[in-house]
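Each remark here refers to the structure printed beneath this line.
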Amino acid sequence: MNEFVHYRVENNLALIALNRPPVNALGQGLREALQQALERAAGDTNVAAIILYGSPFSAGADISEFGTSASHAQPSLPYVLNYLTSLSKPTLAAIEGLALGGGLELALACGYRIAAPGARLGLPEINLGLLPGAGGTQRLPRLVGAEAALEFILHGVPLKAERAVALGIVERVAHRVESLLDEACAYAEELISSGAPAQPKAPFEEPEKGLSTDFFTDYLQRHAQRWKGRQAPQRVVAAVQAACELPLEQGLQREAELFVEAEASAESAALRHVFFAEREAGRVPGVTAETQLRTVNKVAVIGAGTMGGGIAMNFANAGIAVTLLEQKGEALDRGLTQIRKNYEISVQRGKLTADQLEQRMALLSGTLDYADLADADLVIEAVFENLQIKQQVFRTLDEVCKPGAILASNTSTLDVDAIAAVTRRPQDVIGLHFFSPANVMRLLEVVRARETSPEVLATTLKLARKIGKIAVVSGVCFGFIGNRMFEPYGREAYRLLLEGASPTQIDQALTEHGLAMGMLAVQDLAGIDIGYLIRESRRQYIAHDPSYCKLGDALYAEGRFGQKTKAGIYRYEGRERVEDPHVIELAKRLAAELGIERRKISDQEIVERCLFSLINEGIQLLDEGIALRSSDIDLVFLNGYGFPAWRGGPMHEAEQMGLDNLLAVINYYRQALGAYGEMWFKPAPMLQRLVDAGKQRIEKI
Ligand code: 3HC
Ligand code: NAI
């Protein structure tokens with residue numbers, strides 16, 4: 001037995017502690033140690049029952065083993081769990097903290113389960129493009145019924161122990177976390193003295209009972225649209241169906257086959273990439289475990305508009321007091337009223353109680369006076385996107401804020417160095433770029449300015465976690481990571497309109513690829529006017545291309561600002577978006593004026609031109625050191641721009657297709673699109689270097 005398991009016998013009980021910090025991931029070493037411990041307990045005549053425990057119990061299979069030979073190295077998890085179910089002595093899982101994936105399957109293979117209060121139990125494999133592969137799809141339906149099991153597995157979100165009891169996943173919840181093991185021992189003694197079987201009879205021996213004959217076919221049909229492009233949910237359904245139609249042993253066999261397929265799928269590779277990308281994003285040069293953190297108990301937000309209100313809600317949701325500052329009383333009232341309305345919608349949807357609404361509102365206060373910001377630990381500015389206005393705000397903050405307060409700007413495009421420079425404390429200034437709606441979107445771009453101190457960076461990264469955001473660090477440049485890469489993506493969508501594609505074709509090609517929204521619908525949502533104003537500030541960089549977002553400029557001139565004026569690239573009839581022949585005519589006219597020949601354009605060309613322009617810019621950003629790593633860029637697009645997680649993000653997609661292929665396609669458009677191609681389809685120099693060096697991964701070289 002190796003150090004991954006601690007084994008001891010107390011009275012007549014074998015106590016097997018899993019000991020592989022931090023989360024008892026069931027890697028090969030732990031599986032081996034567990035198998036040996038089980039065999040030892042089975043063979044010890046002094047042992048009448050076996051208790052498995054761990055702190056936390058276990059987060060499941062070791063995700064880093066997937067796709068490697070270690071994943072199925074013996075003893076495999078299914079093997080260990082089958083052995084566990086074959087023992088003649090009662091087995092009991094004492095679940096502390098969490099039992100996820102294979103960790104919960106380990107508990108399900110035990111005859112009995114007791115959980116600590118607050119412990120979380122779940123089968124989140126679906127989030128990794130997998131299905132439970134160690135008996136979960138077969139044993140859970142027999143424990144709670146097929147439909148409940150299916151929902152639980154497809155949902156992928158852990159339940160608290162108390163709810164898990166109600167569902168029938170665990171039998172008992174301990175009184176206290178600290179007494180879990182004692183209570184587990186007492187439970188085991190009860191089982192021994194009552195002569196309880198090692199494995200009790202399954203409550204749902206026929207898990208399909210009560211289901212209609214077409215249940216699984218209907219289920220697949222009902223979800224077909226939502227699961228488009230994915231395969232893991234369908235595999236889960238197939239596995240649970242097998243639990244209903246086959247004896248346990250054959251069902252386990254079917255599950256194993258489906259798991260092997262899932263593990264080898266591009267979808268799972270993408271989602272595993274996302275899992276590790278999220279953990280990697282927190283590692284930032286210059287920030288270590290020793291970096292001092294500042295305390296943030298009081299937050300202030302300047303500007304109670306669209307962004308300021310949403311930003312404030314994030315902190316109130318996390319129990320942190322927020323002061324909102326505005327210039328005028330009406331604007332402040334409007335902002336606070338809007339926040340209340342947003343919370344009221346959550347109450348109506350049952351996501352918040354009326355008491356919680358009041359508690360959150362009580363954490364929010366408004367002011368017109370900067371003096372009220374004197375004791376704020378963090379101030380986030382969200383006023384109009386204008387450098388002079390923002391600089392004026394920061395000058396004032398420099399006057400009134402206490403030493404050590406963190407001064408942040410929510411600017412989406414402006415130079416954070418230029419904002420920091422007007423203060424006497426540029427080391428305390430940082431960009432915190434929230435995405436709209438700020439209380440919903442998970443992404444937070446943390447913009448590290450030239451002089452931002454490691455303490456300020458580390459504090460905001462920790463705070464981001466506390467308010468449930470995925471923080472990605474960016475350097476200073478126009479648009480930071482996301483908006484800078486989004487610009488060429490938008491440019492191509494506009495240009496394709498001139499070349500002959502219709503708005504619907506462009507957006508559909510992108511949504512078919514998996515994007516939540518097409519680029520042109522996004523333009524209408526964000527505001528044709530906003531896009532125009534951004535271009536106005538950047539004419540010097542785009543003037544050499546007379547076709548550059550020309551249609552957007554023309555729509556702006558017509559006052560078609562998008563959804564808010566009920567007309568933009570599309571027309572809006574109520575909530576419905578409809579194509580407008582006027583826009584097609586406009587595109588034809590502009591194309592004629594610019595000498596652009598219109599032609600039939602394939603969906604493939606649309607996706608390649610939009611996406612590859614974005615990826616090319618991403619490679620350039622990496623080269624410039626604006627993004628720290630390619631996986632950070634993926635997180636930006638998955639969490640801020642509606643890219644599908646099951647594709648892993650644009651950079652991961654590029655790696656999957658092969659960098660040499662990417663380079664070849666970019667070079668193809670460079671040549672095929674003539675002068676326009678020459679202007680915009682130059683491969684990023686680092687892409688060429690990566691291909692020359694034979695690299696498969698996008699990394700700085
Ligand atoms: N395998 C390998 N490493 C894991 C892991 C796992 N299942 N779960 C967590 N880790 C690692 C993380 O990578 C991280 O490592 P790092 O410090 O080197 O970056 C460390 O453990 C701590 O994790 P977090 O930073 O995420 O810590 P949190 O406390 O925020 O979250 C958690 C802990 C809730 C366990 C979260 O990590 C999580 O959700 N893990 C994944 C759980 C999961 O999906 N389990 C199913 C696996 S698939 C499976 O079991 C297949 C089976 O059916 C056969
Ligand atoms: P908004 O116009 O809805 O709100 C701005 C608010 O700031 C208004 O309520 C205004 O009264 C107030 N304000 C203006 N000058 C002020 C001052 N000197 N002192 C105090 N309050 C002042 O604008 P929005 O959309 O909230 O944008 C704010 C910032 O957030 C901008 O920098 C914008 O670029 C950025 N941003 C906007 C996103 C969006 O989708 N709307 C997304 C991400 C960032």
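By order of appearance in the structure tokens: chains A, B, ..., then residues from 1 within every chain, and ligands from 1 in the order shown.
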| message | Show me which residues are within 7 Å of ligand 1 counting only C-alpha atoms and all ligand atoms, and format the list as a list in words. | response | Pro22, Val23, Ala25, Ala59, Gly60, Ala61, Asp62, Ile63, Ser64, Leu77, Leu100, Gly101, Gly102, Gly103, Glu105, Leu123, Pro124, Glu125, Asn127, Leu128, Leu131, Pro132, Gly133, Ala134, Gly136, Phe276, Arg279 and Glu280 of chain A
| Neighbours of ligand 2 within 6 Å, counting only C-alpha atoms and all ligand atoms, as a VMD selection string? | chain A and resid 302 to 308 325 to 327 331 382 to 385 393 410 to 412 433 to 436
Selection export as a PDB file, in the first residue's frame, atoms kept: N, CA and C atoms:
```pdb
ATOM      1  N   ILE A 302     -18.407  54.236  -9.322  1.00  0.00           N
ATOM      2  CA  ILE A 302     -18.737  55.574  -9.828  1.00  0.00           C
ATOM      3  C   ILE A 302     -19.475  55.443 -11.150  1.00  0.00           C
ATOM      4  N   GLY A 303     -20.673  55.988 -11.181  1.00  0.00           N
ATOM      5  CA  GLY A 303     -21.522  55.841 -12.364  1.00  0.00           C
ATOM      6  C   GLY A 303     -22.506  54.714 -12.110  1.00  0.00           C
ATOM      7  N   ALA A 304     -23.797  55.057 -12.049  1.00  0.00           N
ATOM      8  CA  ALA A 304     -24.817  54.032 -11.762  1.00  0.00           C
ATOM      9  C   ALA A 304     -25.595  53.711 -13.033  1.00  0.00           C
ATOM     10  N   GLY A 305     -24.890  53.654 -14.168  1.00  0.00           N
ATOM     11  CA  GLY A 305     -25.535  53.336 -15.444  1.00  0.00           C
ATOM     12  C   GLY A 305     -25.606  51.833 -15.650  1.00  0.00           C
ATOM     13  N   THR A 306     -25.644  51.440 -16.919  1.00  0.00           N
ATOM     14  CA  THR A 306     -25.779  50.024 -17.265  1.00  0.00           C
ATOM     15  C   THR A 306     -24.722  49.185 -16.540  1.00  0.00           C
ATOM     16  N   MET A 307     -23.475  49.594 -16.651  1.00  0.00           N
ATOM     17  CA  MET A 307     -22.396  48.782 -16.089  1.00  0.00           C
ATOM     18  C   MET A 307     -22.263  48.976 -14.582  1.00  0.00           C
ATOM     19  N   GLY A 308     -22.307  50.238 -14.136  1.00  0.00           N
ATOM     20  CA  GLY A 308     -22.107  50.517 -12.709  1.00  0.00           C
ATOM     21  C   GLY A 308     -23.099  49.747 -11.847  1.00  0.00           C
ATOM     22  N   LEU A 325     -21.781  56.167  -6.630  1.00  0.00           N
ATOM     23  CA  LEU A 325     -21.691  57.624  -6.737  1.00  0.00           C
ATOM     24  C   LEU A 325     -22.125  58.077  -8.123  1.00  0.00           C
ATOM     25  N   GLU A 326     -22.968  59.088  -8.148  1.00  0.00           N
ATOM     26  CA  GLU A 326     -23.404  59.679  -9.425  1.00  0.00           C
ATOM     27  C   GLU A 326     -23.263  61.188  -9.347  1.00  0.00           C
ATOM     28  N   GLN A 327     -23.440  61.826 -10.513  1.00  0.00           N
ATOM     29  CA  GLN A 327     -23.347  63.279 -10.545  1.00  0.00           C
ATOM     30  C   GLN A 327     -24.652  63.934 -10.117  1.00  0.00           C
ATOM     31  N   ALA A 331     -30.030  60.455 -11.707  1.00  0.00           N
ATOM     32  CA  ALA A 331     -29.274  59.330 -12.263  1.00  0.00           C
ATOM     33  C   ALA A 331     -29.059  58.263 -11.186  1.00  0.00           C
ATOM     34  N   ALA A 382     -17.104  53.573 -13.563  1.00  0.00           N
ATOM     35  CA  ALA A 382     -17.862  53.092 -14.738  1.00  0.00           C
ATOM     36  C   ALA A 382     -18.643  54.263 -15.326  1.00  0.00           C
ATOM     37  N   VAL A 383     -17.951  55.365 -15.595  1.00  0.00           N
ATOM     38  CA  VAL A 383     -18.604  56.543 -16.186  1.00  0.00           C
ATOM     39  C   VAL A 383     -18.465  56.450 -17.705  1.00  0.00           C
ATOM     40  N   PHE A 384     -18.855  57.517 -18.412  1.00  0.00           N
ATOM     41  CA  PHE A 384     -18.820  57.465 -19.878  1.00  0.00           C
ATOM     42  C   PHE A 384     -17.418  57.109 -20.396  1.00  0.00           C
ATOM     43  N   GLU A 385     -17.404  56.474 -21.573  1.00  0.00           N
ATOM     44  CA  GLU A 385     -16.130  56.038 -22.169  1.00  0.00           C
ATOM     45  C   GLU A 385     -15.438  57.229 -22.832  1.00  0.00           C
ATOM     46  N   VAL A 393     -12.151  62.003 -13.087  1.00  0.00           N
ATOM     47  CA  VAL A 393     -12.629  61.183 -11.962  1.00  0.00           C
ATOM     48  C   VAL A 393     -11.435  60.659 -11.158  1.00  0.00           C
ATOM     49  N   ASN A 410     -13.415  50.578 -15.379  1.00  0.00           N
ATOM     50  CA  ASN A 410     -14.125  49.576 -16.179  1.00  0.00           C
ATOM     51  C   ASN A 410     -14.054  49.912 -17.672  1.00  0.00           C
ATOM     52  N   THR A 411     -13.105  50.750 -18.047  1.00  0.00           N
ATOM     53  CA  THR A 411     -13.030  51.113 -19.471  1.00  0.00           C
ATOM     54  C   THR A 411     -12.935  49.876 -20.354  1.00  0.00           C
ATOM     55  N   SER A 412     -13.567  49.956 -21.543  1.00  0.00           N
ATOM     56  CA  SER A 412     -13.465  48.798 -22.432  1.00  0.00           C
ATOM     57  C   SER A 412     -12.420  48.990 -23.520  1.00  0.00           C
ATOM     58  N   HIS A 433     -12.367  45.130 -16.237  1.00  0.00           N
ATOM     59  CA  HIS A 433     -13.291  45.211 -17.365  1.00  0.00           C
ATOM     60  C   HIS A 433     -14.360  44.132 -17.239  1.00  0.00           C
ATOM     61  N   PHE A 434     -15.528  44.564 -16.750  1.00  0.00           N
ATOM     62  CA  PHE A 434     -16.683  43.668 -16.640  1.00  0.00           C
ATOM     63  C   PHE A 434     -17.390  43.626 -17.995  1.00  0.00           C
ATOM     64  N   PHE A 435     -18.186  42.590 -18.194  1.00  0.00           N
ATOM     65  CA  PHE A 435     -18.928  42.446 -19.444  1.00  0.00           C
ATOM     66  C   PHE A 435     -20.425  42.565 -19.161  1.00  0.00           C
ATOM     67  N   SER A 436     -21.144  43.020 -20.134  1.00  0.00           N
ATOM     68  CA  SER A 436     -22.561  43.330 -19.941  1.00  0.00           C
ATOM     69  C   SER A 436     -23.437  42.111 -20.223  1.00  0.00           C
TER      70      SER A 436
END
```
| field | Shortest interatomic distance to Gln620 in chain A - which of A:Gly640, A:Pro683, A:Pro200, A:Gly658, counting only C-alpha atoms | value | A:Pro683
| message | Residues near Gln656 in chain A, anyone? I mean within 12 Å using only C-alpha atoms, not counting same-chain ones fewer than 3 positions away, as a PyMOL selection string. | response | chain A and resi 265-267+269-270+273+647-653+659-662+696-698
| said: Could you tell me how far CA of Thr291 in chain A sits from CA of Pro454 in chain A, in Å to one decimal place? | reply: 6.9 Å
| query | So which residues of range 96-327 of chain A fall under helix (DSSP H, G or I) by DSSP, listed as a ChimeraX atom specification? | reply | /A:102-109,124-128,136-144,146-155,161-167,180-193,215-223,232-245,248-263,266-280,306-317
| query | Which of these, A:Ala471, A:Ile530, A:Ala119, A:Ala300, has the shortest distance to Glu278 in chain A once you count only C-alpha atoms? | reply |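 Checking each of A:Ala471, A:Ile530, A:Ala119, A:Ala300 against Glu278 in chain A, counting only C-alpha atoms, the winner is A:Ala471.
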| request: Kindly indicate which residue among A:Ala458, A:Leu52, A:Ile569, A:Ala243 lies nearest to Glu206 in chain A, using only C-alpha atoms for the distances. | output: A:Ala243
| task | Among the residues of range 165-387 of chain A, find those DSSP assigns to strand (DSSP E) from the backbone and print them as a list in words. | result |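 Reading the DSSP output for range 165-387 of chain A, strand (DSSP E) covers Arg172, Val173, Lys298, Val299, Ala300, Val301, Ile302, Ala321, Val322, Thr323, Leu324, Leu325, Leu364, Ser365, Gly366, Thr367, Leu378, Val379, Ile380 and Glu381 of chain A.
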Write to file, as a CSV table (one decimal), in the first residue's frame, the residues of the selection just made, with N, CA and C atoms.
```csv
chain,number,residue,atom,x,y,z
A,172,ARG,N,-28.1,9.1,5.3
A,172,ARG,CA,-28.0,9.9,6.5
A,172,ARG,C,-27.1,11.1,6.3
A,173,VAL,N,-27.4,12.2,7.1
A,173,VAL,CA,-26.5,13.3,7.2
A,173,VAL,C,-26.1,13.4,8.6
A,298,LYS,N,-15.1,47.3,1.7
A,298,LYS,CA,-16.0,48.4,1.3
A,298,LYS,C,-15.7,48.7,-0.2
A,299,VAL,N,-16.7,48.7,-1.0
A,299,VAL,CA,-16.5,49.0,-2.4
A,299,VAL,C,-17.3,50.2,-2.8
A,300,ALA,N,-16.7,51.0,-3.7
A,300,ALA,CA,-17.5,52.1,-4.3
A,300,ALA,C,-17.5,52.0,-5.8
A,301,VAL,N,-18.6,52.4,-6.4
A,301,VAL,CA,-18.7,52.3,-7.9
A,301,VAL,C,-19.1,53.7,-8.3
A,302,ILE,N,-18.4,54.2,-9.3
A,302,ILE,CA,-18.7,55.6,-9.8
A,302,ILE,C,-19.5,55.4,-11.2
A,321,ALA,N,-20.4,45.6,1.1
A,321,ALA,CA,-21.2,46.8,1.0
A,321,ALA,C,-20.6,47.7,-0.1
A,322,VAL,N,-21.6,48.3,-0.9
A,322,VAL,CA,-21.2,49.1,-2.0
A,322,VAL,C,-21.8,50.5,-2.0
A,323,THR,N,-21.0,51.5,-2.2
A,323,THR,CA,-21.6,52.9,-2.4
A,323,THR,C,-21.5,53.2,-3.8
A,324,LEU,N,-22.7,53.7,-4.4
A,324,LEU,CA,-22.7,54.1,-5.8
A,324,LEU,C,-22.7,55.6,-5.8
A,325,LEU,N,-21.8,56.2,-6.6
A,325,LEU,CA,-21.7,57.6,-6.7
A,325,LEU,C,-22.1,58.1,-8.1
A,364,LEU,N,-26.4,48.3,-0.4
A,364,LEU,CA,-26.2,49.3,-1.4
A,364,LEU,C,-26.6,50.7,-1.0
A,365,SER,N,-25.7,51.7,-1.1
A,365,SER,CA,-26.1,53.0,-0.7
A,365,SER,C,-25.7,54.0,-1.8
A,366,GLY,N,-26.3,55.1,-1.9
A,366,GLY,CA,-26.0,56.0,-3.0
A,366,GLY,C,-25.4,57.3,-2.4
A,367,THR,N,-24.6,58.0,-3.2
A,367,THR,CA,-24.1,59.3,-2.8
A,367,THR,C,-23.8,60.2,-4.0
A,378,LEU,N,-11.9,49.7,-2.3
A,378,LEU,CA,-11.8,49.5,-3.8
A,378,LEU,C,-12.8,50.4,-4.4
A,379,VAL,N,-12.4,51.2,-5.4
A,379,VAL,CA,-13.3,52.1,-6.2
A,379,VAL,C,-13.3,51.6,-7.6
A,380,ILE,N,-14.5,51.4,-8.2
A,380,ILE,CA,-14.5,51.0,-9.6
A,380,ILE,C,-15.2,52.1,-10.4
A,381,GLU,N,-14.5,52.7,-11.3
A,381,GLU,CA,-15.1,53.8,-12.1
A,381,GLU,C,-15.8,53.2,-13.3
```
